[in-house]
Amino acid sequence: MADGEKPLLRVLNGERLDPPPIWIMRQAGRYLPEYRELRKRSKSFLDFCYSPSLATEAVMQPLRRFPLDAAILFSDILVVPDALGQKVWFVEGEGPRLEPLLPLSAWKLGEPEKAIQRLTPVYETVERIKENLESGVALIGFAGAPWTVATYMLQGRGGDKDEARRAIYQRPEDIDALMSVLVETTAQHLAAQVRAGADCLQLFESWAEGLPPFAFQRVVIEPTRKLVQRLRELGVTVPIIGFPRGAGAQLKAFVEQTGVTALGIDTQTPADFAFEAAPEGMALQGNLDPQTLVVGGEALERAARDVLIAFGSAPHIFNLGHGITPEATPENVEHLVQIVKGGA
Ligand code: CP3
């Protein structure tokens, strides 16, 4: 199959397909017993991400079980701060930790070009995945959008984002400096993934929620717009899916101003609201509640059919409204894929 004929890419180019293509955010991961087993082969999660053989195997695991329409690179949004020289580690059962980013230390971050050199194993992983994929399956490259990555860099961990939001008022120049380092590094990181074989890209703006409009403009829209523009300057022509989770009332401004090709819709957003925000014919991706994959059964069926109906008139990519949780079961994922593909 030629690249342009892959169902996911057809929909990203504005075509409506019935059934819609499906992939699942965080589809490689801890809900799969074979992933938990594989994960034991590396003590540190980042080392796992930087091992092309382990990362490629993690990507292939869900594809062996389910007829999904896309593979997503196995990596993490926090490889960017790691490559920029900020210490990043993962605490078992708790999540990421980063050494605190002190005032003005944004200026001391590494050079984007050097950071990209440190991420060479990630691009090798993309090449290996590409060699392993069946022809109809699209390969998605990804990165965190600048603000989401910045929240982890500023907070030093997951959880609430109060400190990061306070920094917008307390040290706006630092924030702007940090954003421009992240825009350039992320653009180069994504361009390298495309050169290695990624068919399209997703920007995870997982923490678009809770910002007042001026701040949303400054830390979400502006950096994302610059990032998309920079990618196009670097010669990247592939579709870019923006996923501004929690953008709510700002969704329309995000679509109109950032230049993303397609829009990831979060769980809380009604399809009609997304139709209002996005221009006619733009691909919309989402937005099944991840918890239905924990519950399963009739509740899953009903919720999945509701999503199919709600987005049926648009070019639609079936997905969750946020990442799958470790409590989800592979059986429920299998059931979901059957429902969407029309077999159940
Ligand atoms: O199939 C895939 O999507 C896997 C690739 C992938 C991972 N992280 C692997 C991972 C992707 C696309 C991500 C994105 C990511 N990472 C986001 C954006 C998406 C979202 O869910 O909002 C964010 C915010 C992160 C940062 C991060 N990484 C957190 C908060 C955590 C710990 C909490 C958690 O959900 O596990 C991670 C660790 C992580 N990244 C794991 C995996 C499989 C689990 C760690 C492990 O296996 O030991």
# chains A, B, ... in the order shown; residues from 1 in each chain; ligands from 1
>>> residues_near_ligand(ligand="ligand 1", cutoff="7 Å", atoms="only C-alpha atoms and all ligand atoms", output="PyMOL selection string")
chain A and resi 25-30+39+45+59+72-78+92+94-96+142+144+158+204+206+322-323
>>> closest_atom_pairs(of="stretch 81-166 of chain A", to="stretch 241-246 of chain A", cutoff="12 Å", atoms="only C-alpha atoms", output="tab-separated table")
residue	atom	partner	partner_atom	distance
A:Ile140	CA	A:Ile241	CA	9.6
A:Gly141	CA	A:Ile241	CA	10.2
A:Phe142	CA	A:Ile241	CA	9.3
A:Ala143	CA	A:Gly242	CA	10.5
A:Gly144	CA	A:Phe243	CA	9.6
A:Ala145	CA	A:Gly242	CA	8.6
A:Pro146	CA	A:Pro244	CA	11.4
A:Trp147	CA	A:Pro244	CA	10.3
A:Thr148	CA	A:Pro244	CA	9.5
>>> write_last_selection(atoms="C-alpha atoms", output="compact mmCIF listing (two decimals), in the first residue's frame")
# COMPACT_ATOMS: atom_id res chain seq x y z
CA ILE A 140 2.99 8.34 14.35
CA GLY A 141 5.89 10.34 15.73
CA PHE A 142 5.23 12.57 18.73
CA ALA A 143 6.44 15.09 21.24
CA GLY A 144 4.99 17.00 24.14
CA ALA A 145 3.88 20.49 23.20
CA PRO A 146 6.09 23.17 24.79
CA TRP A 147 3.79 24.17 27.66
CA THR A 148 3.12 20.58 28.78
>>> atom_distance(atom1="atom CA of A:Arg64", atom2="atom CA of A:Val337")
13.1 Å
>>> select_by_dssp(residues="stretch 57-116 of chain A", states="strand (DSSP E)", output="number ranges by chain")
A: 70-72, 88-91, 95-98
>>> closest_residue(among="A:Asp272, A:Glu184, A:Asp266, A:Glu131", to="A:Asp289", atoms="only C-alpha atoms")
A:Asp266
>>> residues_around(residues="A:Pro81", least_positions_apart="2", cutoff="12 Å", atoms="only C-alpha atoms", output="short mmCIF file (atom, residue, chain, number, x, y, z; two decimals) with all heavy atoms, in the first residue's frame")
data_model
loop_
_atom_site.label_atom_id
_atom_site.label_comp_id
_atom_site.auth_asym_id
_atom_site.auth_seq_id
_atom_site.Cartn_x
_atom_site.Cartn_y
_atom_site.Cartn_z
N LEU A 46 13.94 5.52 31.20
CA LEU A 46 14.58 6.27 30.09
C LEU A 46 15.54 5.38 29.30
O LEU A 46 15.59 5.47 28.08
CB LEU A 46 15.30 7.51 30.62
CG LEU A 46 14.41 8.73 30.88
CD1 LEU A 46 15.25 9.89 31.40
CD2 LEU A 46 13.64 9.16 29.63
N ASP A 76 9.02 9.02 25.26
CA ASP A 76 8.27 9.79 26.23
C ASP A 76 8.43 11.27 25.92
O ASP A 76 9.42 11.66 25.29
CB ASP A 76 8.74 9.51 27.67
CG ASP A 76 7.69 9.92 28.68
OD1 ASP A 76 6.77 9.14 28.94
OD2 ASP A 76 7.75 11.07 29.17
N ILE A 77 7.47 12.08 26.38
CA ILE A 77 7.61 13.51 26.14
C ILE A 77 8.79 14.09 26.93
O ILE A 77 9.32 15.13 26.58
CB ILE A 77 6.31 14.30 26.48
CG1 ILE A 77 5.99 14.24 27.96
CG2 ILE A 77 5.12 13.76 25.67
CD1 ILE A 77 4.91 15.25 28.38
N LEU A 78 9.23 13.37 27.98
CA LEU A 78 10.29 13.93 28.84
C LEU A 78 11.70 13.60 28.36
O LEU A 78 12.67 13.96 29.03
CB LEU A 78 10.07 13.49 30.29
CG LEU A 78 8.72 13.97 30.86
CD1 LEU A 78 8.53 13.48 32.29
CD2 LEU A 78 8.61 15.49 30.81
N VAL A 79 11.84 12.96 27.20
CA VAL A 79 13.19 12.80 26.64
C VAL A 79 13.75 14.16 26.20
O VAL A 79 14.96 14.34 26.15
CB VAL A 79 13.28 11.79 25.46
CG1 VAL A 79 12.85 10.40 25.90
CG2 VAL A 79 12.50 12.25 24.24
N ALA A 83 17.33 15.37 27.24
CA ALA A 83 18.35 15.66 26.23
C ALA A 83 18.90 17.08 26.37
O ALA A 83 20.04 17.36 26.01
CB ALA A 83 17.78 15.45 24.84
N LEU A 84 18.08 17.98 26.95
CA LEU A 84 18.55 19.35 27.15
C LEU A 84 19.41 19.49 28.41
O LEU A 84 19.89 20.57 28.73
CB LEU A 84 17.35 20.31 27.26
CG LEU A 84 16.67 20.68 25.94
CD1 LEU A 84 15.33 21.35 26.19
CD2 LEU A 84 17.57 21.59 25.10
N GLY A 85 19.58 18.38 29.13
CA GLY A 85 20.50 18.40 30.27
C GLY A 85 19.83 18.53 31.62
O GLY A 85 20.51 18.61 32.64
N GLN A 86 18.50 18.56 31.67
CA GLN A 86 17.83 18.58 32.98
C GLN A 86 17.72 17.13 33.45
O GLN A 86 17.36 16.24 32.67
CB GLN A 86 16.42 19.19 32.86
CG GLN A 86 15.77 19.41 34.22
CD GLN A 86 14.40 20.08 34.12
OE1 GLN A 86 13.80 20.14 33.03
NE2 GLN A 86 13.91 20.58 35.23
N LYS A 87 18.02 16.91 34.74
CA LYS A 87 17.97 15.52 35.21
C LYS A 87 16.52 15.05 35.28
O LYS A 87 15.67 15.72 35.86
CB LYS A 87 18.63 15.45 36.60
CG LYS A 87 19.31 14.16 36.84
CD LYS A 87 20.21 14.20 38.07
CE LYS A 87 20.38 12.77 38.53
NZ LYS A 87 20.11 12.56 39.93
N VAL A 88 16.23 13.90 34.65
CA VAL A 88 14.88 13.32 34.62
C VAL A 88 14.97 11.88 35.08
O VAL A 88 15.85 11.15 34.63
CB VAL A 88 14.29 13.32 33.19
CG1 VAL A 88 12.90 12.70 33.17
CG2 VAL A 88 14.26 14.72 32.59
N TRP A 89 14.10 11.46 36.00
CA TRP A 89 14.03 10.04 36.33
C TRP A 89 12.59 9.68 36.67
O TRP A 89 11.75 10.56 36.82
CB TRP A 89 15.01 9.69 37.45
CG TRP A 89 14.71 10.27 38.80
CD1 TRP A 89 14.19 9.61 39.88
CD2 TRP A 89 14.95 11.62 39.24
NE1 TRP A 89 14.07 10.47 40.94
CE2 TRP A 89 14.53 11.70 40.60
CE3 TRP A 89 15.47 12.78 38.64
CZ2 TRP A 89 14.61 12.89 41.33
CZ3 TRP A 89 15.54 13.95 39.39
CH2 TRP A 89 15.11 14.00 40.71
N PRO A 96 7.07 10.66 36.86
CA PRO A 96 8.34 11.34 36.58
C PRO A 96 8.77 12.32 37.67
O PRO A 96 7.96 12.91 38.36
CB PRO A 96 8.04 12.10 35.28
CG PRO A 96 6.56 12.19 35.18
CD PRO A 96 5.97 11.11 36.02
N ARG A 97 10.08 12.44 37.79
CA ARG A 97 10.70 13.46 38.66
C ARG A 97 11.75 14.19 37.83
O ARG A 97 12.47 13.57 37.05
CB ARG A 97 11.43 12.83 39.84
CG ARG A 97 10.52 12.15 40.82
CD ARG A 97 9.84 13.18 41.72
NE ARG A 97 9.04 12.53 42.74
CZ ARG A 97 7.84 12.00 42.51
NH1 ARG A 97 7.31 12.04 41.32
NH2 ARG A 97 7.18 11.42 43.48
N LEU A 98 11.86 15.52 38.02
CA LEU A 98 12.89 16.29 37.33
C LEU A 98 13.56 17.19 38.35
O LEU A 98 12.91 17.66 39.29
CB LEU A 98 12.28 17.15 36.22
CG LEU A 98 11.59 16.41 35.06
CD1 LEU A 98 10.13 16.14 35.39
CD2 LEU A 98 11.68 17.22 33.78
N GLU A 99 14.84 17.43 38.17
CA GLU A 99 15.52 18.33 39.09
C GLU A 99 14.91 19.72 38.86
O GLU A 99 14.63 20.08 37.72
CB GLU A 99 17.04 18.29 38.87
CG GLU A 99 17.59 19.35 37.99
CD GLU A 99 19.01 19.06 37.52
OE1 GLU A 99 19.85 18.67 38.32
OE2 GLU A 99 19.24 19.26 36.33
N PRO A 100 14.68 20.49 39.94
CA PRO A 100 13.96 21.76 39.78
C PRO A 100 14.69 22.72 38.84
O PRO A 100 15.92 22.80 38.85
CB PRO A 100 13.91 22.34 41.20
CG PRO A 100 14.33 21.24 42.10
CD PRO A 100 15.10 20.24 41.31
N LEU A 101 13.89 23.42 38.06
CA LEU A 101 14.46 24.40 37.13
C LEU A 101 14.46 25.75 37.85
O LEU A 101 13.42 26.35 38.03
CB LEU A 101 13.57 24.44 35.89
CG LEU A 101 14.11 25.02 34.61
CD1 LEU A 101 15.29 24.20 34.11
CD2 LEU A 101 13.02 25.03 33.56
N ALA A 106 16.71 28.50 32.69
CA ALA A 106 16.32 28.20 31.32
C ALA A 106 17.46 28.56 30.37
O ALA A 106 17.68 27.90 29.35
CB ALA A 106 15.06 28.96 30.94
N LEU A 109 20.12 25.79 29.75
CA LEU A 109 19.79 24.53 29.10
C LEU A 109 20.71 24.33 27.89
O LEU A 109 21.22 25.28 27.32
CB LEU A 109 18.33 24.52 28.65
CG LEU A 109 17.31 24.42 29.78
CD1 LEU A 109 15.93 24.71 29.26
CD2 LEU A 109 17.36 23.06 30.44
N GLY A 110 20.85 23.08 27.52
CA GLY A 110 21.75 22.75 26.41
C GLY A 110 21.28 23.32 25.08
O GLY A 110 20.15 23.79 24.94
N GLU A 111 22.14 23.27 24.11
CA GLU A 111 21.82 23.70 22.76
C GLU A 111 20.87 22.70 22.09
O GLU A 111 21.11 21.49 22.19
CB GLU A 111 23.10 23.72 21.91
CG GLU A 111 24.11 24.75 22.32
CD GLU A 111 23.65 26.13 21.92
OE1 GLU A 111 23.12 26.27 20.80
OE2 GLU A 111 23.79 27.06 22.74
N PRO A 112 19.84 23.17 21.38
CA PRO A 112 18.95 22.22 20.68
C PRO A 112 19.69 21.22 19.81
O PRO A 112 19.37 20.02 19.84
CB PRO A 112 18.06 23.15 19.84
CG PRO A 112 18.03 24.43 20.59
CD PRO A 112 19.38 24.55 21.26
N ALA A 115 21.16 18.51 21.89
CA ALA A 115 20.09 17.68 22.45
C ALA A 115 19.65 16.64 21.42
O ALA A 115 19.46 15.47 21.74
CB ALA A 115 18.91 18.55 22.88
N ILE A 116 19.51 17.09 20.19
CA ILE A 116 19.04 16.19 19.14
C ILE A 116 20.04 15.05 18.92
O ILE A 116 19.66 13.91 18.70
CB ILE A 116 18.80 17.00 17.84
CG1 ILE A 116 17.67 17.99 18.05
CG2 ILE A 116 18.51 16.10 16.65
CD1 ILE A 116 16.43 17.42 18.69
N ARG A 118 21.79 13.68 21.19
CA ARG A 118 21.59 12.70 22.27
C ARG A 118 20.36 11.84 22.02
O ARG A 118 20.21 10.78 22.62
CB ARG A 118 21.42 13.43 23.61
CG ARG A 118 22.68 14.12 24.04
CD ARG A 118 22.55 14.76 25.38
NE ARG A 118 22.16 13.82 26.44
CZ ARG A 118 22.15 14.11 27.73
NH1 ARG A 118 22.51 15.31 28.12
NH2 ARG A 118 21.78 13.23 28.62
N LEU A 119 19.47 12.30 21.16
CA LEU A 119 18.23 11.54 20.91
C LEU A 119 18.34 10.61 19.69
O LEU A 119 17.34 10.04 19.25
CB LEU A 119 17.05 12.52 20.75
CG LEU A 119 16.71 13.28 22.04
CD1 LEU A 119 15.63 14.31 21.80
CD2 LEU A 119 16.30 12.34 23.15
N ALA A 143 5.71 14.36 20.20
CA ALA A 143 6.44 15.09 21.24
C ALA A 143 5.42 15.76 22.13
O ALA A 143 4.25 15.90 21.75
CB ALA A 143 7.36 16.14 20.62
N GLY A 144 5.84 16.14 23.31
CA GLY A 144 4.99 17.00 24.14
C GLY A 144 5.01 18.39 23.54
O GLY A 144 6.02 18.82 22.98
N PRO A 146 5.19 22.45 23.88
CA PRO A 146 6.09 23.17 24.79
C PRO A 146 5.53 23.41 26.20
O PRO A 146 6.24 23.18 27.18
CB PRO A 146 6.36 24.48 24.05
CG PRO A 146 6.27 24.09 22.60
CD PRO A 146 5.17 23.07 22.53
N THR A 148 3.24 21.80 27.98
CA THR A 148 3.12 20.58 28.78
C THR A 148 4.49 20.12 29.27
O THR A 148 4.66 19.75 30.43
CB THR A 148 2.39 19.49 27.96
OG1 THR A 148 1.03 19.89 27.82
CG2 THR A 148 2.46 18.13 28.63
N VAL A 149 5.48 20.17 28.38
CA VAL A 149 6.83 19.77 28.79
C VAL A 149 7.35 20.77 29.83
O VAL A 149 7.94 20.38 30.85
CB VAL A 149 7.77 19.69 27.57
CG1 VAL A 149 9.20 19.40 27.99
CG2 VAL A 149 7.27 18.59 26.61
N ALA A 150 7.06 22.06 29.62
CA ALA A 150 7.51 23.09 30.57
C ALA A 150 6.90 22.87 31.95
O ALA A 150 7.56 23.10 32.97
CB ALA A 150 7.16 24.48 30.04
N THR A 151 5.63 22.43 32.01
CA THR A 151 5.02 22.24 33.34
C THR A 151 5.83 21.21 34.14
O THR A 151 6.09 21.42 35.32
CB THR A 151 3.54 21.79 33.26
OG1 THR A 151 3.45 20.55 32.59
CG2 THR A 151 2.67 22.83 32.61
N TYR A 152 6.24 20.12 33.47
CA TYR A 152 7.05 19.12 34.19
C TYR A 152 8.41 19.71 34.56
O TYR A 152 8.94 19.46 35.64
CB TYR A 152 7.23 17.87 33.33
CG TYR A 152 5.97 17.02 33.27
CD1 TYR A 152 5.07 17.17 32.21
CD2 TYR A 152 5.66 16.13 34.27
CE1 TYR A 152 3.90 16.41 32.16
CE2 TYR A 152 4.50 15.38 34.23
CZ TYR A 152 3.62 15.53 33.17
OH TYR A 152 2.46 14.80 33.13
N MET A 153 8.99 20.50 33.66
CA MET A 153 10.31 21.09 33.93
C MET A 153 10.24 22.06 35.10
O MET A 153 11.17 22.17 35.90
CB MET A 153 10.83 21.81 32.68
CG MET A 153 11.10 20.87 31.51
SD MET A 153 11.63 21.71 30.00
CE MET A 153 13.39 21.93 30.32
N LEU A 154 9.12 22.78 35.21
CA LEU A 154 8.99 23.79 36.26
C LEU A 154 8.54 23.18 37.59
O LEU A 154 8.99 23.60 38.66
CB LEU A 154 7.99 24.87 35.83
CG LEU A 154 8.46 25.76 34.68
CD1 LEU A 154 7.27 26.40 33.97
CD2 LEU A 154 9.43 26.83 35.17
N GLY A 156 8.84 19.92 38.40
CA GLY A 156 9.72 18.84 38.83
C GLY A 156 9.00 17.52 38.98
O GLY A 156 9.59 16.52 39.39
N LEU A 178 12.30 29.80 28.05
CA LEU A 178 12.14 28.35 28.09
C LEU A 178 11.33 27.87 26.89
O LEU A 178 11.67 26.88 26.23
CB LEU A 178 11.45 27.97 29.41
CG LEU A 178 11.13 26.49 29.64
CD1 LEU A 178 12.38 25.63 29.56
CD2 LEU A 178 10.45 26.32 31.01
N MET A 179 10.26 28.60 26.59
CA MET A 179 9.41 28.23 25.46
C MET A 179 10.20 28.25 24.16
O MET A 179 10.05 27.37 23.32
CB MET A 179 8.22 29.19 25.33
CG MET A 179 7.20 29.00 26.39
SD MET A 179 6.52 27.35 26.27
CE MET A 179 5.62 27.32 27.76
N VAL A 181 13.42 27.78 23.68
CA VAL A 181 14.30 26.61 23.63
C VAL A 181 13.49 25.36 23.28
O VAL A 181 13.90 24.54 22.45
CB VAL A 181 15.03 26.39 24.98
CG1 VAL A 181 15.82 25.09 24.96
CG2 VAL A 181 15.95 27.56 25.30
N LEU A 182 12.31 25.24 23.91
CA LEU A 182 11.49 24.05 23.66
C LEU A 182 10.94 24.03 22.24
O LEU A 182 10.87 22.96 21.62
CB LEU A 182 10.35 23.97 24.69
CG LEU A 182 10.80 23.56 26.10
CD1 LEU A 182 9.65 23.69 27.09
CD2 LEU A 182 11.36 22.14 26.10
N THR A 185 13.96 22.96 19.96
CA THR A 185 14.39 21.57 20.19
C THR A 185 13.31 20.60 19.73
O THR A 185 13.60 19.58 19.09
CB THR A 185 14.70 21.34 21.68
OG1 THR A 185 15.52 22.40 22.14
CG2 THR A 185 15.41 20.01 21.90
N THR A 186 12.06 20.90 20.08
CA THR A 186 10.96 20.01 19.71
C THR A 186 10.79 19.95 18.20
O THR A 186 10.54 18.88 17.63
CB THR A 186 9.65 20.46 20.41
OG1 THR A 186 9.91 20.58 21.81
CG2 THR A 186 8.53 19.47 20.20
N HIS A 189 13.48 17.77 16.93
CA HIS A 189 13.21 16.39 17.35
C HIS A 189 12.13 15.75 16.46
O HIS A 189 12.28 14.62 16.00
CB HIS A 189 12.75 16.44 18.82
CG HIS A 189 12.41 15.13 19.43
ND1 HIS A 189 13.20 14.01 19.29
CD2 HIS A 189 11.37 14.74 20.22
CE1 HIS A 189 12.65 13.00 19.96
NE2 HIS A 189 11.53 13.41 20.52
#
>>> residues_around(residues="A:Gln193", least_positions_apart="6", cutoff="8 Å", atoms="only C-alpha atoms", output="list in words")
Val122, Tyr123, Val126 and Gly141 of chain A
>>> atom_distance(atom1="atom CA of A:Ile265", atom2="atom CA of A:Glu233")
26.9 Å
>>> select_by_dssp(residues="stretch 93-303 of chain A", states="alpha helix (DSSP H)", output="PyMOL selection string")
chain A and resi 112-118+120-132+146-155+162-170+172-196+213-215+222-233+251-258+271-277+292-295+297-303
>>> residues_around(residues="A:Leu54", least_positions_apart="4", cutoff="9 Å", atoms="only C-alpha atoms", output="PyMOL selection string")
chain A and resi 38-39+41-42+48-50+58-59+125
>>> closest_residue(among="A:Met282, A:Leu139, A:Val80, A:Val255", to="A:Val183", atoms="only C-alpha atoms")
A:Val80
>>> residues_around(residues="stretch 307-312 of chain A", least_positions_apart="5", cutoff="9 Å", atoms="only C-alpha atoms", output="list in words")
Arg16, Asp18, Pro19, Pro20, Pro270, Ala271, Asp272, Phe275, Leu284, Gln285, Gly286, Asn287, Leu288, Arg302, Ile317, Phe318 and Val340 of chain A
>>> write_last_selection(atoms="N, CA and C atoms", output="mmCIF file, in the first residue's frame")
data_model
loop_
_atom_site.group_PDB
_atom_site.id
_atom_site.type_symbol
_atom_site.label_atom_id
_atom_site.label_comp_id
_atom_site.auth_asym_id
_atom_site.auth_seq_id
_atom_site.Cartn_x
_atom_site.Cartn_y
_atom_site.Cartn_z
ATOM 1 N N ARG A 16 -13.523 10.910 4.749
ATOM 2 C CA ARG A 16 -14.321 10.245 5.782
ATOM 3 C C ARG A 16 -14.353 8.760 5.467
ATOM 4 N N ASP A 18 -15.611 4.775 6.631
ATOM 5 C CA ASP A 18 -16.507 3.985 7.462
ATOM 6 C C ASP A 18 -16.147 2.510 7.288
ATOM 7 N N PRO A 19 -15.639 1.817 8.293
ATOM 8 C CA PRO A 19 -15.376 2.296 9.647
ATOM 9 C C PRO A 19 -14.166 3.234 9.710
ATOM 10 N N PRO A 20 -14.131 4.068 10.736
ATOM 11 C CA PRO A 20 -12.982 4.969 10.876
ATOM 12 C C PRO A 20 -11.735 4.199 11.310
ATOM 13 N N PRO A 270 -17.900 17.733 23.949
ATOM 14 C CA PRO A 270 -18.939 17.179 23.079
ATOM 15 C C PRO A 270 -18.534 17.304 21.609
ATOM 16 N N ALA A 271 -18.901 16.302 20.796
ATOM 17 C CA ALA A 271 -18.553 16.327 19.374
ATOM 18 C C ALA A 271 -19.051 17.613 18.705
ATOM 19 N N ASP A 272 -20.267 18.041 19.040
ATOM 20 C CA ASP A 272 -20.815 19.249 18.413
ATOM 21 C C ASP A 272 -19.947 20.467 18.685
ATOM 22 N N PHE A 275 -17.054 20.249 16.367
ATOM 23 C CA PHE A 275 -17.426 20.630 14.999
ATOM 24 C C PHE A 275 -17.457 22.149 14.851
ATOM 25 N N LEU A 284 -10.984 14.849 13.005
ATOM 26 C CA LEU A 284 -11.132 14.921 14.455
ATOM 27 C C LEU A 284 -10.824 13.542 15.031
ATOM 28 N N GLN A 285 -10.072 13.523 16.108
ATOM 29 C CA GLN A 285 -9.641 12.257 16.706
ATOM 30 C C GLN A 285 -10.126 12.171 18.142
ATOM 31 N N GLY A 286 -10.781 11.072 18.492
ATOM 32 C CA GLY A 286 -11.217 10.901 19.876
ATOM 33 C C GLY A 286 -12.402 9.986 19.946
ATOM 34 N N ASN A 287 -13.072 10.153 21.016
ATOM 35 C CA ASN A 287 -12.763 10.676 22.331
ATOM 36 C C ASN A 287 -13.412 9.846 23.412
ATOM 37 N N LEU A 288 -13.309 8.513 23.241
ATOM 38 C CA LEU A 288 -13.908 7.573 24.194
ATOM 39 C C LEU A 288 -13.256 7.730 25.569
ATOM 40 N N ARG A 302 -21.866 0.683 24.491
ATOM 41 C CA ARG A 302 -22.723 1.867 24.362
ATOM 42 C C ARG A 302 -21.858 3.114 24.136
ATOM 43 N N ILE A 317 -10.991 9.838 13.365
ATOM 44 C CA ILE A 317 -10.045 8.809 13.790
ATOM 45 C C ILE A 317 -10.504 8.368 15.167
ATOM 46 N N PHE A 318 -10.892 7.098 15.293
ATOM 47 C CA PHE A 318 -11.370 6.639 16.593
ATOM 48 C C PHE A 318 -10.193 6.536 17.549
ATOM 49 N N VAL A 340 -15.597 -1.152 16.684
ATOM 50 C CA VAL A 340 -15.319 -0.076 15.732
ATOM 51 C C VAL A 340 -15.185 -0.620 14.310
#
>>> atom_distance(atom1="atom CA of A:Gln188", atom2="atom CA of A:Thr261")
18.6 Å
>>> residues_around(residues="stretch 296-300 of chain A", least_positions_apart="2", cutoff="12 Å", atoms="only C-alpha atoms", output="list in words")
Leu288, Asp289, Pro290, Gln291, Thr292, Leu293, Val294, Arg302, Ala303, Ala304, Arg305, Asp306, Val307, Leu320, Glu327, Ala328, Thr329, Pro330, Glu331, Asn332, Val333, Glu334, His335, Leu336, Val337, Gln338, Ile339, Val340 and Ala344 of chain A
